[in-house]
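Here's protein-v3.csv, which has CSV, C-alpha atoms:
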chain,number,residue,atom,x,y,z
A,1,MET,CA,117.1,142.6,99.5
A,2,ASN,CA,117.2,138.9,98.5
A,3,LEU,CA,113.7,137.8,97.7
A,4,PRO,CA,112.6,134.2,97.5
A,5,SER,CA,112.4,132.4,94.2
A,6,GLU,CA,109.2,133.3,92.3
A,7,ASN,CA,109.0,130.2,90.0
A,8,THR,CA,108.1,127.5,92.4
A,9,THR,CA,105.1,125.2,91.7
A,10,ASP,CA,103.3,126.4,94.8
A,11,GLN,CA,103.6,130.1,93.7
A,12,LEU,CA,102.3,129.2,90.2
A,13,LEU,CA,99.3,127.5,91.8
A,14,GLN,CA,98.8,130.5,94.1
A,15,THR,CA,98.9,132.8,91.0
A,16,HIS,CA,96.2,130.6,89.4
A,17,GLN,CA,94.0,130.9,92.5
A,18,ARG,CA,94.4,134.7,92.8
A,19,ALA,CA,93.7,135.2,89.1
A,20,LYS,CA,90.5,133.1,89.4
A,21,LEU,CA,89.5,135.2,92.5
A,22,PHE,CA,90.1,138.5,90.7
A,23,LEU,CA,88.2,137.3,87.7
A,24,LEU,CA,85.2,136.2,89.7
A,25,PHE,CA,85.0,139.5,91.5
A,26,GLY,CA,86.4,141.9,88.9
A,27,LEU,CA,84.6,141.0,85.7
A,28,PRO,CA,81.1,141.5,87.2
A,29,ILE,CA,82.1,144.9,88.6
A,30,LEU,CA,83.6,145.8,85.2
A,31,ALA,CA,80.4,144.6,83.5
A,32,ALA,CA,78.3,146.8,85.8
A,33,TYR,CA,80.5,149.8,85.1
A,34,GLY,CA,80.2,149.1,81.4
A,35,VAL,CA,76.4,149.0,81.6
A,36,ALA,CA,76.4,152.4,83.5
A,37,ALA,CA,78.9,153.9,80.9
A,38,LEU,CA,76.7,152.6,78.1
A,39,ARG,CA,73.6,154.3,79.6
A,40,ASN,CA,75.6,157.6,79.9
A,41,ALA,CA,76.9,157.2,76.3
A,42,ASN,CA,80.5,157.4,77.6
A,43,TRP,CA,82.0,155.6,74.7
A,44,PRO,CA,85.7,155.8,75.6
A,45,LEU,CA,84.9,154.2,78.9
A,46,VAL,CA,82.7,151.5,77.3
A,47,CYS,CA,85.6,150.7,74.9
A,48,LEU,CA,88.1,150.5,77.7
A,49,ILE,CA,85.9,148.3,79.8
A,50,THR,CA,85.1,146.0,76.9
A,51,ALA,CA,88.8,145.7,76.1
A,52,ASN,CA,89.5,144.9,79.7
A,53,ILE,CA,86.9,142.1,79.8
A,54,LEU,CA,88.2,140.6,76.6
A,55,VAL,CA,91.9,140.8,77.4
A,56,ILE,CA,91.6,139.7,81.1
A,57,GLY,CA,89.3,136.8,80.0
A,58,GLY,CA,91.9,135.8,77.3
A,59,SER,CA,94.8,136.0,79.8
A,60,TYR,CA,92.9,133.7,82.3
A,61,LEU,CA,92.2,131.2,79.5
A,62,ALA,CA,95.9,131.2,78.7
A,63,LEU,CA,96.7,130.5,82.3
A,64,LEU,CA,94.2,127.5,82.3
A,65,ARG,CA,96.0,126.2,79.2
A,66,GLY,CA,99.3,126.1,81.1
A,67,ARG,CA,101.0,129.3,80.1
A,68,ASP,CA,102.4,130.4,83.4
A,69,ARG,CA,104.8,133.1,82.2
A,70,PRO,CA,104.5,136.7,83.4
A,71,SER,CA,103.8,137.8,79.8
A,72,THR,CA,100.3,136.1,80.2
A,73,ALA,CA,99.2,138.7,82.8
A,74,ARG,CA,100.9,141.8,81.3
A,75,PRO,CA,98.3,142.6,78.6
A,76,GLY,CA,95.5,142.5,81.2
A,77,MET,CA,97.6,144.7,83.5
A,78,PHE,CA,98.1,147.2,80.7
A,79,THR,CA,94.5,147.5,79.8
A,80,TYR,CA,93.5,147.6,83.5
A,81,ALA,CA,96.0,150.4,84.1
A,82,ALA,CA,94.7,152.3,81.1
A,83,LEU,CA,91.1,152.0,82.4
A,84,LEU,CA,92.0,153.2,85.9
A,85,LEU,CA,94.1,156.2,84.6
A,86,TYR,CA,91.2,157.2,82.4
A,87,MET,CA,88.9,157.0,85.4
A,88,ILE,CA,91.3,159.3,87.3
A,89,ALA,CA,91.5,161.7,84.4
A,90,PHE,CA,87.7,161.9,84.1
A,91,SER,CA,86.5,161.1,87.7
A,92,GLY,CA,83.7,163.6,88.0
A,93,GLU,CA,83.2,166.3,90.6
A,94,GLU,CA,83.3,163.9,93.6
A,95,HIS,CA,86.3,162.0,92.3
A,96,SER,CA,84.7,158.7,93.3
A,97,HIS,CA,86.0,156.9,90.2
A,98,ALA,CA,89.6,157.8,91.1
A,99,LEU,CA,89.4,155.7,94.3
A,100,TRP,CA,89.2,152.5,92.2
A,101,PHE,CA,92.9,153.1,91.4
A,102,PHE,CA,93.8,151.7,94.9
A,103,SER,CA,93.0,148.2,93.5
A,104,PHE,CA,95.9,148.5,91.0
A,105,PRO,CA,98.8,148.0,93.4
A,106,LEU,CA,97.0,145.1,94.9
A,107,VAL,CA,96.4,143.4,91.5
A,108,SER,CA,99.8,144.2,90.0
A,109,ILE,CA,101.9,143.0,93.0
A,110,MET,CA,99.8,139.9,93.6
A,111,LEU,CA,99.6,138.7,89.9
A,112,LEU,CA,103.0,139.7,88.5
A,113,PRO,CA,106.4,138.6,89.7
A,114,LEU,CA,107.1,140.6,92.9
A,115,ARG,CA,109.7,143.1,91.7
A,116,GLU,CA,107.9,143.7,88.4
A,117,GLY,CA,104.6,144.1,90.2
A,118,ALA,CA,106.1,146.7,92.4
A,119,ILE,CA,107.5,148.6,89.4
A,120,TRP,CA,104.1,148.6,87.7
A,121,ALA,CA,102.5,149.8,91.0
A,122,GLY,CA,105.1,152.6,91.3
A,123,LEU,CA,104.7,153.8,87.7
A,124,GLY,CA,101.0,153.7,88.0
A,125,ILE,CA,101.0,155.8,91.1
A,126,ALA,CA,103.4,158.3,89.5
A,127,ILE,CA,101.3,158.6,86.4
A,128,ALA,CA,98.1,159.0,88.4
A,129,THR,CA,99.7,161.7,90.5
A,130,CYS,CA,100.9,163.5,87.4
A,131,ILE,CA,97.4,163.4,85.9
A,132,MET,CA,95.9,164.9,89.1
A,133,VAL,CA,98.6,167.6,89.3
A,134,MET,CA,98.5,168.6,85.7
A,135,GLY,CA,94.7,168.1,85.2
A,136,GLY,CA,92.1,170.8,85.0
A,137,PRO,CA,89.7,172.6,82.7
A,138,GLU,CA,92.5,173.7,80.4
A,139,THR,CA,93.3,170.0,79.6
A,140,GLY,CA,89.7,168.9,79.6
A,141,THR,CA,90.2,166.5,82.6
A,142,SER,CA,89.1,166.5,86.2
A,143,SER,CA,90.6,169.1,88.5
A,144,TYR,CA,92.0,167.9,91.9
A,145,SER,CA,93.0,169.9,94.9
A,146,MET,CA,96.6,169.5,96.2
A,147,ALA,CA,95.2,168.1,99.5
A,148,PHE,CA,93.3,165.4,97.7
A,149,THR,CA,96.2,164.6,95.5
A,150,SER,CA,98.6,164.4,98.5
A,151,ARG,CA,96.2,162.1,100.4
A,152,PHE,CA,95.6,160.0,97.3
A,153,THR,CA,99.3,159.6,96.6
A,154,ILE,CA,100.3,158.8,100.2
A,155,THR,CA,97.4,156.3,100.5
A,156,ALA,CA,98.4,154.6,97.2
A,157,ILE,CA,102.1,154.4,98.3
A,158,LEU,CA,101.1,152.9,101.7
A,159,ILE,CA,98.8,150.3,100.1
A,160,ALA,CA,101.5,149.4,97.6
A,161,GLY,CA,104.2,149.2,100.3
A,162,GLY,CA,102.0,147.2,102.6
A,163,ILE,CA,101.1,144.7,99.9
A,164,PHE,CA,104.7,144.4,98.8
A,165,TRP,CA,106.0,143.8,102.3
A,166,SER,CA,103.2,141.2,103.0
A,167,GLU,CA,104.2,139.4,99.8
A,168,VAL,CA,107.8,139.4,100.8
A,169,VAL,CA,107.0,137.9,104.2
A,170,LEU,CA,104.6,135.4,102.6
A,171,ARG,CA,107.1,134.2,100.1
A,172,ARG,CA,109.8,133.9,102.6
A,173,TYR,CA,107.5,131.9,104.8
A,174,GLN,CA,106.7,129.7,101.8
A,175,LYS,CA,110.3,129.2,101.0
A,176,GLU,CA,111.1,128.2,104.6
A,177,THR,CA,108.1,125.9,104.6
A,178,MET,CA,109.3,124.3,101.4
A,179,ALA,CA,112.8,123.9,102.8
A,180,HIS,CA,111.4,122.2,105.9
A,181,ARG,CA,109.2,120.0,103.8
A,182,SER,CA,112.2,119.0,101.7
A,183,VAL,CA,114.2,118.2,104.8
A,184,ILE,CA,111.3,116.1,106.2
A,185,GLU,CA,110.8,114.3,102.8
A,186,ALA,CA,114.6,113.6,102.6
A,187,GLU,CA,114.6,112.3,106.2
A,188,SER,CA,111.5,110.2,105.5
A,189,THR,CA,113.1,108.8,102.4
A,190,ARG,CA,116.3,108.0,104.4
A,191,LEU,CA,114.3,106.3,107.1
A,192,LYS,CA,112.3,104.2,104.6
A,193,ALA,CA,115.6,103.2,103.0
A,194,GLU,CA,117.0,102.3,106.4
A,195,ILE,CA,113.9,100.3,107.3
A,196,ALA,CA,114.1,98.5,104.0
A,197,ARG,CA,117.8,97.8,104.5
A,198,ARG,CA,117.2,96.5,108.0
A,199,VAL,CA,114.3,94.3,106.9
A,200,ALA,CA,116.4,92.9,104.1
A,201,LEU,CA,119.3,92.4,106.6
A,202,GLU,CA,116.9,90.7,109.0
A,203,VAL,CA,115.6,88.4,106.3
A,204,ASP,CA,119.2,87.6,105.2
A,205,LEU,CA,120.1,86.9,108.8
A,206,ARG,CA,117.1,84.6,109.2
A,207,VAL,CA,118.1,82.8,106.1
A,208,GLN,CA,121.7,82.5,107.2
A,209,ALA,CA,120.6,81.3,110.6
A,210,SER,CA,118.5,78.5,109.1
A,211,THR,CA,120.5,77.5,106.1
A,212,ASP,CA,123.6,75.4,105.7
A,213,ALA,CA,126.1,77.5,103.9
A,214,LEU,CA,127.7,74.7,101.9
A,215,THR,CA,124.7,72.9,100.6
A,216,GLY,CA,121.9,75.5,100.7
A,217,LEU,CA,119.7,73.1,102.6
A,218,VAL,CA,118.2,73.9,106.0
A,219,ASN,CA,120.5,73.3,108.9
A,220,ARG,CA,119.9,71.0,111.8
A,221,ARG,CA,118.0,73.5,114.0
A,222,ALA,CA,115.7,74.7,111.2
A,223,PHE,CA,115.1,71.1,110.1
A,224,MET,CA,114.1,70.1,113.7
A,225,ASP,CA,111.8,73.1,113.9
A,226,ARG,CA,110.0,72.1,110.6
A,227,PHE,CA,110.0,68.5,111.5
A,228,ALA,CA,108.3,69.3,114.8
A,229,HIS,CA,105.7,71.4,113.0
A,230,GLU,CA,105.0,68.5,110.5
A,231,LEU,CA,104.9,66.0,113.3
A,232,ALA,CA,102.3,68.0,115.2
A,233,ARG,CA,100.2,68.5,112.0
A,234,SER,CA,100.3,64.9,111.1
A,235,GLN,CA,99.2,63.8,114.5
A,236,ARG,CA,96.3,66.1,114.4
A,237,HIS,CA,95.1,65.6,110.9
A,238,GLY,CA,97.2,62.8,109.3
A,239,PRO,CA,98.3,61.1,107.2
A,240,SER,CA,101.7,60.1,108.6
A,241,PRO,CA,105.0,61.2,107.1
A,242,THR,CA,108.1,59.1,106.7
A,243,LEU,CA,111.5,60.2,108.1
A,244,LEU,CA,114.7,59.3,106.2
A,245,MET,CA,118.2,59.5,107.6
A,246,LEU,CA,120.9,59.4,104.9
A,247,ASP,CA,124.7,59.0,105.3
A,248,ILE,CA,127.4,59.0,102.6
A,249,ASP,CA,129.3,55.7,102.5
A,250,HIS,CA,133.1,55.9,103.2
A,251,PHE,CA,133.0,59.7,103.3
A,252,LYS,CA,136.2,59.8,105.4
A,253,LYS,CA,138.1,57.9,102.7
A,254,ILE,CA,136.9,60.5,100.1
A,255,ASN,CA,138.3,63.3,102.3
A,256,ASP,CA,141.5,61.4,103.0
A,257,LYS,CA,142.2,60.5,99.4
A,258,HIS,CA,140.9,63.6,97.5
A,259,GLY,CA,141.0,66.3,100.2
A,260,HIS,CA,138.3,68.2,102.0
A,261,PRO,CA,137.4,70.4,99.0
A,262,ALA,CA,136.4,67.2,97.2
A,263,GLY,CA,134.3,66.2,100.1
A,264,ASP,CA,132.5,69.6,100.0
A,265,ILE,CA,131.8,69.0,96.3
A,266,VAL,CA,130.3,65.6,97.1
A,267,LEU,CA,128.1,67.1,99.9
A,268,ALA,CA,126.9,69.9,97.6
A,269,HIS,CA,126.2,67.4,94.8
A,270,LEU,CA,124.2,65.1,97.1
A,271,ALA,CA,122.2,68.1,98.4
A,272,GLN,CA,121.1,69.1,94.9
A,273,LEU,CA,120.3,65.5,94.1
A,274,LEU,CA,118.1,65.2,97.2
A,275,LYS,CA,116.3,68.4,96.4
A,276,SER,CA,115.6,67.3,92.8
A,277,SER,CA,114.4,63.9,93.9
A,278,VAL,CA,111.6,64.9,96.3
A,279,ARG,CA,108.7,67.4,96.3
A,280,ASN,CA,108.8,71.0,97.3
A,281,VAL,CA,106.6,70.3,100.3
A,282,ASP,CA,109.1,67.7,101.6
A,283,ILE,CA,111.7,68.8,104.2
A,284,VAL,CA,115.4,68.2,103.3
A,285,GLY,CA,118.2,69.2,105.7
A,286,ARG,CA,121.8,68.6,106.5
A,287,ILE,CA,122.0,67.6,110.1
A,288,GLY,CA,125.6,66.6,110.5
A,289,GLY,CA,128.9,66.4,108.6
A,290,GLU,CA,127.9,63.9,105.9
A,291,GLU,CA,124.5,63.1,107.4
A,292,PHE,CA,121.2,64.3,105.8
A,293,ALA,CA,117.6,63.9,106.8
A,294,VAL,CA,114.4,64.0,104.7
A,295,VAL,CA,110.8,64.2,105.8
A,296,LEU,CA,108.4,62.9,103.1
A,297,VAL,CA,105.2,64.8,104.0
A,298,GLU,CA,102.0,62.8,104.0
A,299,THR,CA,103.9,59.7,102.7
A,300,ASN,CA,103.7,56.4,104.6
A,301,ALA,CA,106.3,53.7,104.5
A,302,GLN,CA,104.7,51.9,101.6
A,303,MET,CA,104.5,55.0,99.5
A,304,ALA,CA,108.1,56.1,100.5
A,305,ALA,CA,109.7,52.8,99.5
A,306,PRO,CA,109.8,53.5,95.7
A,307,VAL,CA,110.9,57.0,96.3
A,308,ILE,CA,113.9,55.8,98.3
A,309,GLU,CA,114.8,53.1,95.8
A,310,ARG,CA,114.8,55.7,93.0
A,311,LEU,CA,117.0,57.9,95.1
A,312,LEU,CA,119.5,55.1,95.7
A,313,GLU,CA,119.6,54.3,92.0
A,314,ARG,CA,120.3,57.9,91.1
A,315,LEU,CA,123.1,57.9,93.7
A,316,ARG,CA,124.6,54.8,92.2
A,317,ASN,CA,124.5,56.3,88.7
A,318,THR,CA,125.8,59.7,89.6
A,319,THR,CA,129.3,61.0,89.0
A,320,VAL,CA,130.9,64.0,90.6
A,321,THR,CA,133.6,66.0,88.7
A,322,LEU,CA,136.2,67.3,91.1
A,323,ALA,CA,138.3,70.4,90.7
A,324,ASP,CA,141.2,68.4,89.1
A,325,ALA,CA,138.7,66.8,86.6
A,326,THR,CA,138.7,63.5,88.5
A,327,GLN,CA,135.4,61.6,88.1
A,328,LEU,CA,134.2,60.3,91.4
A,329,LYS,CA,131.4,58.0,92.2
A,330,PHE,CA,129.9,57.5,95.7
A,331,THR,CA,127.0,55.8,97.4
A,332,ALA,CA,124.9,56.3,100.5
A,333,SER,CA,123.0,54.3,103.0
A,334,ILE,CA,119.4,55.2,104.1
A,335,GLY,CA,117.4,54.4,107.2
A,336,SER,CA,113.7,55.2,107.3
A,337,THR,CA,110.8,55.0,109.6
A,338,GLU,CA,107.1,55.9,109.3
A,339,ILE,CA,106.0,58.4,112.0
A,340,LEU,CA,103.6,56.8,114.5
A,341,TRP,CA,100.8,58.6,116.3
A,342,ALA,CA,102.6,58.5,119.7
A,343,ASP,CA,106.0,59.5,118.3
A,344,THR,CA,108.1,62.4,119.4
A,345,ILE,CA,111.0,63.8,117.4
A,346,ASP,CA,113.5,61.9,119.5
A,347,THR,CA,111.7,58.5,119.1
A,348,ALA,CA,111.3,59.0,115.4
A,349,ILE,CA,115.0,60.0,114.9
A,350,GLN,CA,116.1,57.1,117.1
A,351,ARG,CA,114.3,54.5,114.9
A,352,ALA,CA,115.5,56.1,111.7
A,353,ASP,CA,119.1,56.1,113.1
A,354,GLU,CA,118.8,52.4,114.1
A,355,ALA,CA,117.6,51.6,110.5
A,356,LEU,CA,120.6,53.6,109.1
A,357,TYR,CA,123.0,51.7,111.4
A,358,THR,CA,121.5,48.4,110.1
A,359,ALA,CA,122.0,49.6,106.5
A,360,LYS,CA,125.6,50.5,107.2
A,361,LYS,CA,126.3,47.2,109.1
A,362,THR,CA,124.7,45.0,106.4
A,363,GLY,CA,126.8,46.3,103.5
A,364,ARG,CA,126.0,50.0,102.8
A,365,ASP,CA,124.5,51.3,99.6
A,366,ARG,CA,121.1,50.2,100.7
A,367,HIS,CA,117.9,51.1,102.5
A,368,CYS,CA,116.6,49.6,105.8
A,369,GLN,CA,113.3,50.4,107.5
A,370,ARG,CA,112.2,50.3,111.2

Show the structure stored in the file as structure tokens.
Amino acid sequence: MNLPSENTTDQLLQTHQRAKLFLLFGLPILAAYGVAALRNANWPLVCLITANILVIGGSYLALLRGRDRPSTARPGMFTYAALLLYMIAFSGEEHSHALWFFSFPLVSIMLLPLREGAIWAGLGIAIATCIMVMGGPETGTSSYSMAFTSRFTITAILIAGGIFWSEVVLRRYQKETMAHRSVIEAESTRLKAEIARRVALEVDLRVQASTDALTGLVNRRAFMDRFAHELARSQRHGPSPTLLMLDIDHFKKINDKHGHPAGDIVLAHLAQLLKSSVRNVDIVGRIGGEEFAVVLVETNAQMAAPVIERLLERLRNTTVTLADATQLKFTASIGSTEILWADTIDTAIQRADEALYTAKKTGRDRHCQR
């Protein structure tokens, strides 16, 4: 018969609980028997009971200190077996003391590893039967009739067998429960990992959907969404923001002369320059091929002017290193407009575009305002 593992954490906890239960009930009973034996001057019984109390108490303390090995319970089982066998050998005329032996299979099977407990119970029953069969006046022990001995032995075997089988069923159930729990925990872990993966994927998709892959800035759609939010906020609470439209000068010539990879390097460089030239609260986006837009939050046209001039100056002084080590300089034109109370996104962008067109028409590398 394949029995479940006996070294699981749940079974160790169960052993602790059973030992505590037997201690709470058993020691008071032993103490009461000890007092009765003391009154009757039955010194061997007094010694055995005292030894049981000391050894069982010591074994329980060892369990509390974390010693969960079977060897912790064996000394207590040995002294308890000796006590019960003594009570069988000297049970008196009514043999009432012998009936306490029926507790031994229960204690041994429930506190020791299952197979070992069954062996202890079987040996105990065999020794008890031998004492009853061989006992009598000639040995100085109690005398038992064959009928009593037969009933006693059969009852003890039935008790031991019933307890053993119930422990087998219980431990199989515990093993199956633990297996189901492990499956549930594994599935729960898998689901949590899958949820985390999907959340991360969703976040990544949102970022990809709102981010320009080349420059890392927000794309046109995301820029328009954030601009609409800032427009509504400024019209409710103020102050007004300023919208900038920026376009690289002669960008087609850069692509034609140096190739599209060089144009990509210029675009990425300009994006980083824009991000480093404005605040974190400002909105910067790429809304076209070489066209960028900036919303300077809570910044009117007068406040925005020096910011734009510094940006143009940085562009004039910047140099881009291409893949072939060529040093490339470029400029940009900027059109700006302060957002008015009655503005919509379209009217604001239209004015900024008109200002940008004027900057392009009047010589480039400059800023015009509408």

Item to check | Contact residues around range 49-61 of chain A with all atoms listed in the file at 10 Å, ignoring same-chain residues under 3 positions, as number ranges by chain | outcome: A: 16, 19-20, 22-23, 26-28, 30-35, 37, 43-46, 64-67, 71-84

Checklist entry - So, counting all atoms listed in the file, which residue among A:Phe101, A:Phe292, A:Tyr144, A:Phe90 is closest to Asn219 in chain A? => result A:Phe292

Next on the checklist: Considering only C-alpha atoms, can you say which of A:Arg115, A:His95, A:Arg279, A:Arg236 comes closest to Ser145 in chain A?
Outcome noted: A:His95

Checklist entry - For Trp100 in chain A, which residue out of A:Thr149, A:Thr129, A:Thr139, A:Ile29 is the nearest one, using only C-alpha atoms? => result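 Looking at the shortest contact to Trp100 in chain A, the residue is A:Ile29.
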
Mind listing as a short mmCIF file (atom, residue, chain, number, x, y, z; two decimals) with C-alpha atoms, keeping the file's coordinate frame all residues within 12 Å of (104.8, 58.6, 117.1), counting all atoms listed in the file?
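The resulting file, selection-v5.cif, is reproduced below:
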data_model
loop_
_atom_site.label_atom_id
_atom_site.label_comp_id
_atom_site.auth_asym_id
_atom_site.auth_seq_id
_atom_site.Cartn_x
_atom_site.Cartn_y
_atom_site.Cartn_z
CA ALA A 228 108.30 69.30 114.80
CA GLU A 230 105.00 68.50 110.50
CA LEU A 231 104.90 66.00 113.30
CA ALA A 232 102.30 68.00 115.20
CA SER A 234 100.30 64.90 111.10
CA GLN A 235 99.20 63.80 114.50
CA ARG A 236 96.30 66.10 114.40
CA GLY A 238 97.20 62.80 109.30
CA SER A 240 101.70 60.10 108.60
CA PRO A 241 105.00 61.20 107.10
CA THR A 242 108.10 59.10 106.70
CA LEU A 243 111.50 60.20 108.10
CA THR A 337 110.80 55.00 109.60
CA GLU A 338 107.10 55.90 109.30
CA ILE A 339 106.00 58.40 112.00
CA LEU A 340 103.60 56.80 114.50
CA TRP A 341 100.80 58.60 116.30
CA ALA A 342 102.60 58.50 119.70
CA ASP A 343 106.00 59.50 118.30
CA THR A 344 108.10 62.40 119.40
CA ILE A 345 111.00 63.80 117.40
CA ASP A 346 113.50 61.90 119.50
CA THR A 347 111.70 58.50 119.10
CA ALA A 348 111.30 59.00 115.40
CA ILE A 349 115.00 60.00 114.90
CA GLN A 350 116.10 57.10 117.10
CA ARG A 351 114.30 54.50 114.90
#

Next on the checklist: Ranking A:Thr141, A:Arg310, A:Ile154, A:Ala213 by minimum distance to Gly92 in chain A and counting all atoms listed in the file, which one comes first?
Outcome noted: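 Of A:Thr141, A:Arg310, A:Ile154, A:Ala213, the one nearest Gly92 in chain A, counting all atoms listed in the file, is A:Thr141.
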
Next on the checklist: What's the separation between CA of Met245 in chain A and CA of Ala293 in chain A, in Å to one decimal place?
Outcome noted: 4.5 Å

Checklist entry - Pick from A:Cys368, A:Ile248, A:Leu63, A:Val169: nearest to Ala305 in chain A, with only C-alpha atoms counted? => result A:Cys368

Next on the checklist: Tell me which residues come within 12 Å of (96.1, 156.1, 99.8), as a list in words, counting only C-alpha atoms in the file's coordinates.
Outcome noted: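 Looking at atoms near the point gives Ala98, Leu99, Trp100, Phe101, Phe102, Ser103, Phe104, Pro105, Ile125, Ala128, Thr129, Phe148, Thr149, Ser150, Arg151, Phe152, Thr153, Ile154, Thr155, Ala156, Ile157, Leu158, Ile159, Ala160, Gly161 and Gly162 of chain A.
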
Write out the residues from the selection above, keeping C-alpha atoms, as a CSV table (one decimal), in the coordinates of the input.
chain,number,residue,atom,x,y,z
A,98,ALA,CA,89.6,157.8,91.1
A,99,LEU,CA,89.4,155.7,94.3
A,100,TRP,CA,89.2,152.5,92.2
A,101,PHE,CA,92.9,153.1,91.4
A,102,PHE,CA,93.8,151.7,94.9
A,103,SER,CA,93.0,148.2,93.5
A,104,PHE,CA,95.9,148.5,91.0
A,105,PRO,CA,98.8,148.0,93.4
A,125,ILE,CA,101.0,155.8,91.1
A,128,ALA,CA,98.1,159.0,88.4
A,129,THR,CA,99.7,161.7,90.5
A,148,PHE,CA,93.3,165.4,97.7
A,149,THR,CA,96.2,164.6,95.5
A,150,SER,CA,98.6,164.4,98.5
A,151,ARG,CA,96.2,162.1,100.4
A,152,PHE,CA,95.6,160.0,97.3
A,153,THR,CA,99.3,159.6,96.6
A,154,ILE,CA,100.3,158.8,100.2
A,155,THR,CA,97.4,156.3,100.5
A,156,ALA,CA,98.4,154.6,97.2
A,157,ILE,CA,102.1,154.4,98.3
A,158,LEU,CA,101.1,152.9,101.7
A,159,ILE,CA,98.8,150.3,100.1
A,160,ALA,CA,101.5,149.4,97.6
A,161,GLY,CA,104.2,149.2,100.3
A,162,GLY,CA,102.0,147.2,102.6

Next on the checklist: As an exercise, work out the distance from CA of Leu246 in chain A to CA of Ser336 in chain A in Å and give it to one decimal place.
Outcome noted: 8.7 Å

Checklist entry - Which neighbours of Ile109 in chain A fall inside 10 Å, counting only C-alpha atoms, when residues of the same chain fewer than 5 positions from it are skipped, and could you give them as an MDAnalysis selection string? => result chainID A and resid 104 114:121 160:161 163:164 167

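Between CA of Leu217 in chain A and CA of Leu274 in chain A the separation is 9.7 Å.
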
Checklist entry - Thr358 in chain A: which residues within 12 Å, counting only C-alpha atoms, same-chain residues fewer than 3 positions away excluded, as a PyMOL selection string? => result chain A and resi 245+333-336+351-355+361-370

Write the selection just made, keeping C-alpha atoms, as a tab-separated table (two decimals), in the coordinates of the input?
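Result saved to result-v5.tsv:
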chain	number	residue	atom	x	y	z
A	245	MET	CA	118.20	59.50	107.60
A	333	SER	CA	123.00	54.30	103.00
A	334	ILE	CA	119.40	55.20	104.10
A	335	GLY	CA	117.40	54.40	107.20
A	336	SER	CA	113.70	55.20	107.30
A	351	ARG	CA	114.30	54.50	114.90
A	352	ALA	CA	115.50	56.10	111.70
A	353	ASP	CA	119.10	56.10	113.10
A	354	GLU	CA	118.80	52.40	114.10
A	355	ALA	CA	117.60	51.60	110.50
A	361	LYS	CA	126.30	47.20	109.10
A	362	THR	CA	124.70	45.00	106.40
A	363	GLY	CA	126.80	46.30	103.50
A	364	ARG	CA	126.00	50.00	102.80
A	365	ASP	CA	124.50	51.30	99.60
A	366	ARG	CA	121.10	50.20	100.70
A	367	HIS	CA	117.90	51.10	102.50
A	368	CYS	CA	116.60	49.60	105.80
A	369	GLN	CA	113.30	50.40	107.50
A	370	ARG	CA	112.20	50.30	111.20

Pick out the residues sitting within 8 Å of range 320-325 of chain A, and hand them over as a compact mmCIF listing (two decimals) with C-alpha atoms, keeping the file's coordinate frame; count only C-alpha atoms, and ignore anything fewer than 3 positions along from it in its own chain.
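Printed below is result_21.txt as written:
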# COMPACT_ATOMS: atom_id res chain seq x y z
CA ALA A 262 136.40 67.20 97.20
CA ILE A 265 131.80 69.00 96.30
CA VAL A 266 130.30 65.60 97.10
CA HIS A 269 126.20 67.40 94.80
CA LEU A 328 134.20 60.30 91.40
CA LYS A 329 131.40 58.00 92.20

Item to check | range 288-290 of chain A surroundings by all atoms listed in the file, 8 Å radius, close-in-sequence under 3 positions cut, as a count of residues only | outcome: 5

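Residue nearest Ser91 in chain A, chosen from A:Gly136, A:Gly285, A:Pro261, A:Gly216 and counting only C-alpha atoms: A:Gly136.
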